[in-house]
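*Asks:* So that we are looking at the same thing, I have put the structure below in structure tokens.
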Amino acid sequence: MRILGISAFYHDSAAALVEDGRIVAAAQEERFTRKKHDSGFPRHAVEYCLRERGGSLADVDHVAFYDKPFLKFERLLETYLAFAPRGFPSFSKALPLWLREKLFQKSLLKKQLKAYAPAYDWERRLLFTEHHQSHAASAFFASPFQEAVVLTMDGVGEWATTSVSLGTGHHLEMRKEIHFPHSLGLLYSAFTYYTGFKVNSGEYKVMGLAPYGEPKYAKLIFDHLIDLKDDGSFRLNLSYFDYCTGLRMTNRRFDDLFEAPPRQPDELLTQRHLDLAASIQLVTEEVVLRLTRALAAETGAENLCLAGGVALNCVANGKVLRDGRFKRVWIQPAAGDAGGALGAALCAYHVFRHQPRTPAAPLDAMHGAYLGPSFSQAEVESRLAKLGARFSTVTDDQLIETTVEALADGKAVGWFQGRMEFGPRALGARSILGDARSPTMQSLLNLKVKYRESFRPFAPSVLREDVAGWFDLDADSPYMLLMADVAKQHRREMTPAEQALFGIEKLHVPRSSIPAVTHVSYSARIQTVHWDTNPRYHTLLSAFKKRTSCPVIVNTSFNVAGRTRRAGRLKRTARLGWRRASVRDTAVPTGDPSPCCSNRPLRRSRESAERVPRGPVNLRRVLRDLRASAGRESRQGVSFPVKETP
Ligand SMILES: [Fe+2]
């Protein structure tokens, strides 16, 4: 049985193919189009997935979409109605787009897919999963566990922003959720916005800045912005945020609390911004730890799976692992919305079609996340020749030898081999490599190769068998999603003068014998390299260790500031707290329905005129009709009978 999963129309569009329960292909659209976070229909990714197994869409048993557009639209309407008349400008901006495209995503999807299989029976074969159900399925069914607690956290899906489910065999039972607008992901994004970075992509920068600051504002955040309970459930104080009603994340009251307006993107970073980053990072870690501790106590489970955008916070993940409440922690490498495509396909196969799990490889079912396109020697040579590149061909042994010498010589090396990674991290298939022992490698790569901020840290690849000797970690971390400290014997203590330095001045102080991958806090975002999943990269690291006695190298992506790497081209170089998952209602205050607003004619753009009803629109009636018509796609109970399956 073949299932094609698709995520699209929000951000990070992707496609994934599951065949008889095995993950056979997955790719993100941005890798083909070079549009970062490309949100369009993932045409290239779909075509690649179909090509990978040599079939057409007609050979696919089901197409599964990663969320439910009707439920999302319901959230938009209910949020507006709850806050009306506040928020009308942003609502009126969003509504035409929803009416034009998003509300009719099912038709849009069918239209796009019909080009590949005109006679396909869409009524029977097109399935929809809920957003957090997709995240949860991508984490549990791809993990090595037969039983696990699954925690998903992100900005927002339809309503859920945090969810807990229990996985057993091929069953995945959603237990409880926290609903919009109370969202850990949106809280982090609010600080991303406030510190002058782009929401949805700048969160990594905030995490990277945090070690340079002091968490001076954490108490202020706990006192004013978030009401955190012992079980990790939380409620945000919405009077400080504008994301429900405006086009900004935070508002004037937020500015007053932190005594300054948001930083502009081109404004200089100051110690205050570093302290803000450290503060929100600490708060996030505390929320995640309370959640995982409560879940461990509540369920007695030994295994934890994580997914959703917040699960890309490797510092928090590392703390969860070290906390020891769960014996093993597994994080979906494509934890963001691209992974929803994979989750939707896995969910359709196991949950909707009741198919058993196929035993995963010892590590997991992700094949090292090497699920994207690969290219033959002839294809690569032909492409290089077309580009007029000067090149020579070498044997595998020569390749390893030459690369090791270049690395040891302090050079940055472009490394392109095998199948492309699925997920945001470069894992030794499309990577820029460097010598981790070099004290100048971090700023050299940042400023001369990646054209990005000098504080941005780099991550190490280390042989799995050597990880415990170099880091305070003795576990698999194949996807660079766990942070751990450099082992004591490899650290270099700072002199009193160096200790007196502030914030980013510490960047140039070497902290260990592998300074290029050691953050200011002695930590590192680790990728363990395994022979089973990437033998050539493992061989390279082994040869580098033989040459230098160091089994660690710098590994970073081909991304340069503002652009993404390409798949097919060689580059030169609760109302409050928890709610039962079966109860779908809103956490938004109900608000006073204002006739002047709910009956106000909506402003129409020319493009949307065809779809937008003419004359006054009664939004409450739209919502009622919407619920009635979306009944089939709405969640009906804890077992998610999303749609009758054939
Ligand atoms: Fe998500």
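Labeling convention for the structure tokens: chains A, B, ... as they appear, residues from 1 per chain, ligands from 1 in order of appearance.
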If DSSP is run on the backbone, what residues of segment 224-444 of chain A are helix (DSSP H, G or I)? A reply as JSON, numbers by chain would be ideal.
*Replies:* {"A": [224, 238, 239, 240, 252, 253, 254, 255, 256, 257, 271, 272, 273, 274, 275, 276, 277, 278, 279, 280, 281, 282, 283, 284, 285, 286, 287, 288, 289, 290, 291, 292, 293, 294, 295, 296, 297, 298, 299, 309, 310, 311, 312, 314, 315, 316, 317, 318, 319, 320, 321, 322, 323, 339, 340, 341, 342, 343, 344, 345, 346, 347, 348, 349, 350, 351, 352, 367, 368, 369, 377, 378, 379, 380, 381, 382, 383, 384, 385, 386, 387, 396, 397, 398, 399, 400, 401, 402, 403, 404, 405, 406, 407, 408, 441, 442, 443, 444]}
*Asks:* Please build the interface table for chain A against ligand 1 with a cut-off of 10 Å, listing for each qualifying residue the nearest atom pair and the distance in Å to one decimal; count only C-alpha atoms and all ligand atoms, order rows by chain and increasing number, and write it as CSV.
*Replies:*
residue,atom,partner,partner_atom_place_in_ligand_line,distance
A:Tyr10,CA,ligand 1,1 (Fe),9.6
A:His11,CA,ligand 1,1 (Fe),9.3
A:Asp12,CA,ligand 1,1 (Fe),9.8
A:Tyr66,CA,ligand 1,1 (Fe),9.4
A:Asp67,CA,ligand 1,1 (Fe),9.3
A:His131,CA,ligand 1,1 (Fe),6.4
A:His132,CA,ligand 1,1 (Fe),6.7
A:Gln133,CA,ligand 1,1 (Fe),9.9
A:Ser134,CA,ligand 1,1 (Fe),8.6
A:His135,CA,ligand 1,1 (Fe),6.9
A:Thr152,CA,ligand 1,1 (Fe),8.5
A:Met153,CA,ligand 1,1 (Fe),7.6
A:Asp154,CA,ligand 1,1 (Fe),5.2
A:Gly155,CA,ligand 1,1 (Fe),6.5
A:Val156,CA,ligand 1,1 (Fe),6.2
A:Gly157,CA,ligand 1,1 (Fe),5.6
A:Glu158,CA,ligand 1,1 (Fe),9.3
A:Ala160,CA,ligand 1,1 (Fe),9.3
A:Thr161,CA,ligand 1,1 (Fe),8.0
A:Thr162,CA,ligand 1,1 (Fe),9.6
A:Gly185,CA,ligand 1,1 (Fe),9.3
A:Ala307,CA,ligand 1,1 (Fe),8.5
A:Gly308,CA,ligand 1,1 (Fe),5.1
A:Gly309,CA,ligand 1,1 (Fe),6.0
A:Val310,CA,ligand 1,1 (Fe),8.9
A:Ala335,CA,ligand 1,1 (Fe),8.0
A:Gly336,CA,ligand 1,1 (Fe),5.7
A:Asp337,CA,ligand 1,1 (Fe),4.7
A:Ala338,CA,ligand 1,1 (Fe),8.5
A:Gly339,CA,ligand 1,1 (Fe),8.6
A:Gly340,CA,ligand 1,1 (Fe),7.3
*Asks:* From the options A:Ser39, A:Ser13, A:Gln28, A:Ser431, which residue's atoms come nearest to Asn559 of chain A, counting only C-alpha atoms?
*Replies:* A:Ser431
*Asks:* I'd like the interatomic distance between atom CA of Ser374 of chain A and atom CA of Asp397 of chain A, to a tenth of an Å.
*Replies:* 20.3 Å
*Asks:* Rank A:Gly21, A:Arg536, A:Leu108, A:Arg75 by their smallest atom-to-atom distance to Phe41 of chain A, using only C-alpha atoms, and report the top residue only.
*Replies:*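 Answer, going by the shortest atom-to-atom distance: A:Leu108.
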*Asks:* Excluding segment 224-227 of chain A and its own-chain neighbours fewer than 2 positions away, which residues fall within 10 Å of it when counting only C-alpha atoms? Please give them as a PDB file with N, CA and C atoms, in the first residue's frame.
*Replies:*
ATOM      1  N   HIS A 182      -3.166  30.115  23.596  1.00  0.00           N
ATOM      2  CA  HIS A 182      -2.118  29.829  24.588  1.00  0.00           C
ATOM      3  C   HIS A 182      -1.105  28.895  23.946  1.00  0.00           C
ATOM      4  N   SER A 183       0.056  29.414  23.607  1.00  0.00           N
ATOM      5  CA  SER A 183       0.990  28.676  22.757  1.00  0.00           C
ATOM      6  C   SER A 183       2.431  28.970  23.153  1.00  0.00           C
ATOM      7  N   LEU A 184       3.173  27.905  23.439  1.00  0.00           N
ATOM      8  CA  LEU A 184       4.590  28.074  23.775  1.00  0.00           C
ATOM      9  C   LEU A 184       5.374  28.544  22.545  1.00  0.00           C
ATOM     10  N   LEU A 187       4.738  32.189  22.050  1.00  0.00           N
ATOM     11  CA  LEU A 187       5.446  32.982  23.059  1.00  0.00           C
ATOM     12  C   LEU A 187       6.905  33.175  22.632  1.00  0.00           C
ATOM     13  N   ALA A 218      13.521  36.613  33.074  1.00  0.00           N
ATOM     14  CA  ALA A 218      12.707  35.394  33.224  1.00  0.00           C
ATOM     15  C   ALA A 218      11.604  35.604  34.263  1.00  0.00           C
ATOM     16  N   LYS A 219      11.947  36.250  35.374  1.00  0.00           N
ATOM     17  CA  LYS A 219      10.951  36.451  36.434  1.00  0.00           C
ATOM     18  C   LYS A 219       9.803  37.337  35.920  1.00  0.00           C
ATOM     19  N   LEU A 220      10.201  38.353  35.167  1.00  0.00           N
ATOM     20  CA  LEU A 220       9.192  39.264  34.610  1.00  0.00           C
ATOM     21  C   LEU A 220       8.232  38.489  33.687  1.00  0.00           C
ATOM     22  N   ILE A 221       8.793  37.576  32.914  1.00  0.00           N
ATOM     23  CA  ILE A 221       7.970  36.772  31.999  1.00  0.00           C
ATOM     24  C   ILE A 221       7.024  35.881  32.811  1.00  0.00           C
ATOM     25  N   PHE A 222       7.573  35.214  33.830  1.00  0.00           N
ATOM     26  CA  PHE A 222       6.716  34.351  34.660  1.00  0.00           C
ATOM     27  C   PHE A 222       5.659  35.176  35.419  1.00  0.00           C
ATOM     28  N   LYS A 229       1.487  26.102  35.227  1.00  0.00           N
ATOM     29  CA  LYS A 229       1.039  25.190  36.284  1.00  0.00           C
ATOM     30  C   LYS A 229       2.091  24.101  36.518  1.00  0.00           C
ATOM     31  N   GLY A 232       2.817  21.640  33.783  1.00  0.00           N
ATOM     32  CA  GLY A 232       3.354  22.177  32.533  1.00  0.00           C
ATOM     33  C   GLY A 232       2.308  22.856  31.672  1.00  0.00           C
ATOM     34  N   SER A 233       1.029  22.713  32.013  1.00  0.00           N
ATOM     35  CA  SER A 233       0.023  23.437  31.235  1.00  0.00           C
ATOM     36  C   SER A 233       0.158  24.925  31.564  1.00  0.00           C
ATOM     37  N   PHE A 234      -0.283  25.757  30.665  1.00  0.00           N
ATOM     38  CA  PHE A 234      -0.015  27.187  30.826  1.00  0.00           C
ATOM     39  C   PHE A 234      -1.092  28.011  30.161  1.00  0.00           C
ATOM     40  N   ARG A 235      -1.094  29.267  30.548  1.00  0.00           N
ATOM     41  CA  ARG A 235      -2.013  30.220  29.940  1.00  0.00           C
ATOM     42  C   ARG A 235      -1.239  31.522  29.759  1.00  0.00           C
ATOM     43  N   LEU A 236      -1.340  32.110  28.572  1.00  0.00           N
ATOM     44  CA  LEU A 236      -0.640  33.373  28.335  1.00  0.00           C
ATOM     45  C   LEU A 236      -1.549  34.542  28.702  1.00  0.00           C
ATOM     46  N   ASN A 237      -0.940  35.615  29.141  1.00  0.00           N
ATOM     47  CA  ASN A 237      -1.698  36.841  29.405  1.00  0.00           C
ATOM     48  C   ASN A 237      -1.814  37.607  28.087  1.00  0.00           C
ATOM     49  N   LEU A 238      -2.964  37.503  27.466  1.00  0.00           N
ATOM     50  CA  LEU A 238      -3.118  38.003  26.097  1.00  0.00           C
ATOM     51  C   LEU A 238      -3.098  39.521  25.992  1.00  0.00           C
ATOM     52  N   SER A 239      -3.171  40.190  27.147  1.00  0.00           N
ATOM     53  CA  SER A 239      -3.169  41.652  27.065  1.00  0.00           C
ATOM     54  C   SER A 239      -1.799  42.188  26.635  1.00  0.00           C
ATOM     55  N   TYR A 240      -0.764  41.309  26.592  1.00  0.00           N
ATOM     56  CA  TYR A 240       0.566  41.748  26.158  1.00  0.00           C
ATOM     57  C   TYR A 240       0.865  41.386  24.698  1.00  0.00           C
ATOM     58  N   PHE A 241      -0.051  40.662  24.076  1.00  0.00           N
ATOM     59  CA  PHE A 241       0.241  40.163  22.722  1.00  0.00           C
ATOM     60  C   PHE A 241      -0.797  40.671  21.731  1.00  0.00           C
ATOM     61  N   PHE A 254       3.455  45.330  26.110  1.00  0.00           N
ATOM     62  CA  PHE A 254       4.649  44.476  26.131  1.00  0.00           C
ATOM     63  C   PHE A 254       5.895  45.375  26.119  1.00  0.00           C
ATOM     64  N   LEU A 257       6.405  46.897  29.443  1.00  0.00           N
ATOM     65  CA  LEU A 257       6.901  45.928  30.433  1.00  0.00           C
ATOM     66  C   LEU A 257       8.416  45.769  30.319  1.00  0.00           C
ATOM     67  N   VAL A 283      12.687  30.235  30.161  1.00  0.00           N
ATOM     68  CA  VAL A 283      11.254  30.011  30.400  1.00  0.00           C
ATOM     69  C   VAL A 283      10.769  28.808  29.578  1.00  0.00           C
ATOM     70  N   VAL A 287       9.082  25.291  30.940  1.00  0.00           N
ATOM     71  CA  VAL A 287       7.771  24.775  30.529  1.00  0.00           C
ATOM     72  C   VAL A 287       7.922  23.331  30.026  1.00  0.00           C
ATOM     73  N   LEU A 576      -8.276  26.963  30.149  1.00  0.00           N
ATOM     74  CA  LEU A 576      -7.089  27.114  30.974  1.00  0.00           C
ATOM     75  C   LEU A 576      -6.464  25.739  31.063  1.00  0.00           C
ATOM     76  N   GLY A 577      -5.235  25.682  30.661  1.00  0.00           N
ATOM     77  CA  GLY A 577      -4.517  24.429  30.844  1.00  0.00           C
ATOM     78  C   GLY A 577      -4.980  23.342  29.891  1.00  0.00           C
TER      79      GLY A 577
END
*Asks:* What lies within 7 Å of Gln527 of chain A using only C-alpha atoms, ignoring chain neighbours under 3 positions off, as a list in words?
*Replies:*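 Answer for this query is Pro460, Ser461, Val462, Ser477, Pro478, Tyr479 and Met480 of chain A.
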*Asks:* Since we have the selection now, will you write its residues out, keeping C-alpha atoms, as a CSV table (one decimal), in the first residue's frame?
*Replies:*
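Printed below is again04.csv as written:
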chain,number,residue,atom,x,y,z
A,460,PRO,CA,29.8,19.1,15.4
A,461,SER,CA,29.6,15.7,13.7
A,462,VAL,CA,31.2,13.1,15.9
A,477,SER,CA,21.8,12.0,18.5
A,478,PRO,CA,21.8,11.4,14.7
A,479,TYR,CA,19.7,14.4,13.8
A,480,MET,CA,21.6,17.2,15.7
*Asks:* Would you mind telling me which residue in A:Ala119, A:Val560, A:Met420, A:Leu321 lies nearest to Ala475 of chain A when using only C-alpha atoms?
*Replies:*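 Going through A:Ala119, A:Val560, A:Met420, A:Leu321 one by one, the smallest distance to Ala475 of chain A is for A:Leu321.
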*Asks:* Quick one: residues within 8 Å of Val486 of chain A, only C-alpha atoms counted, chain neighbours fewer than 4 positions away excluded, as a count of residues only?
*Replies:* 10
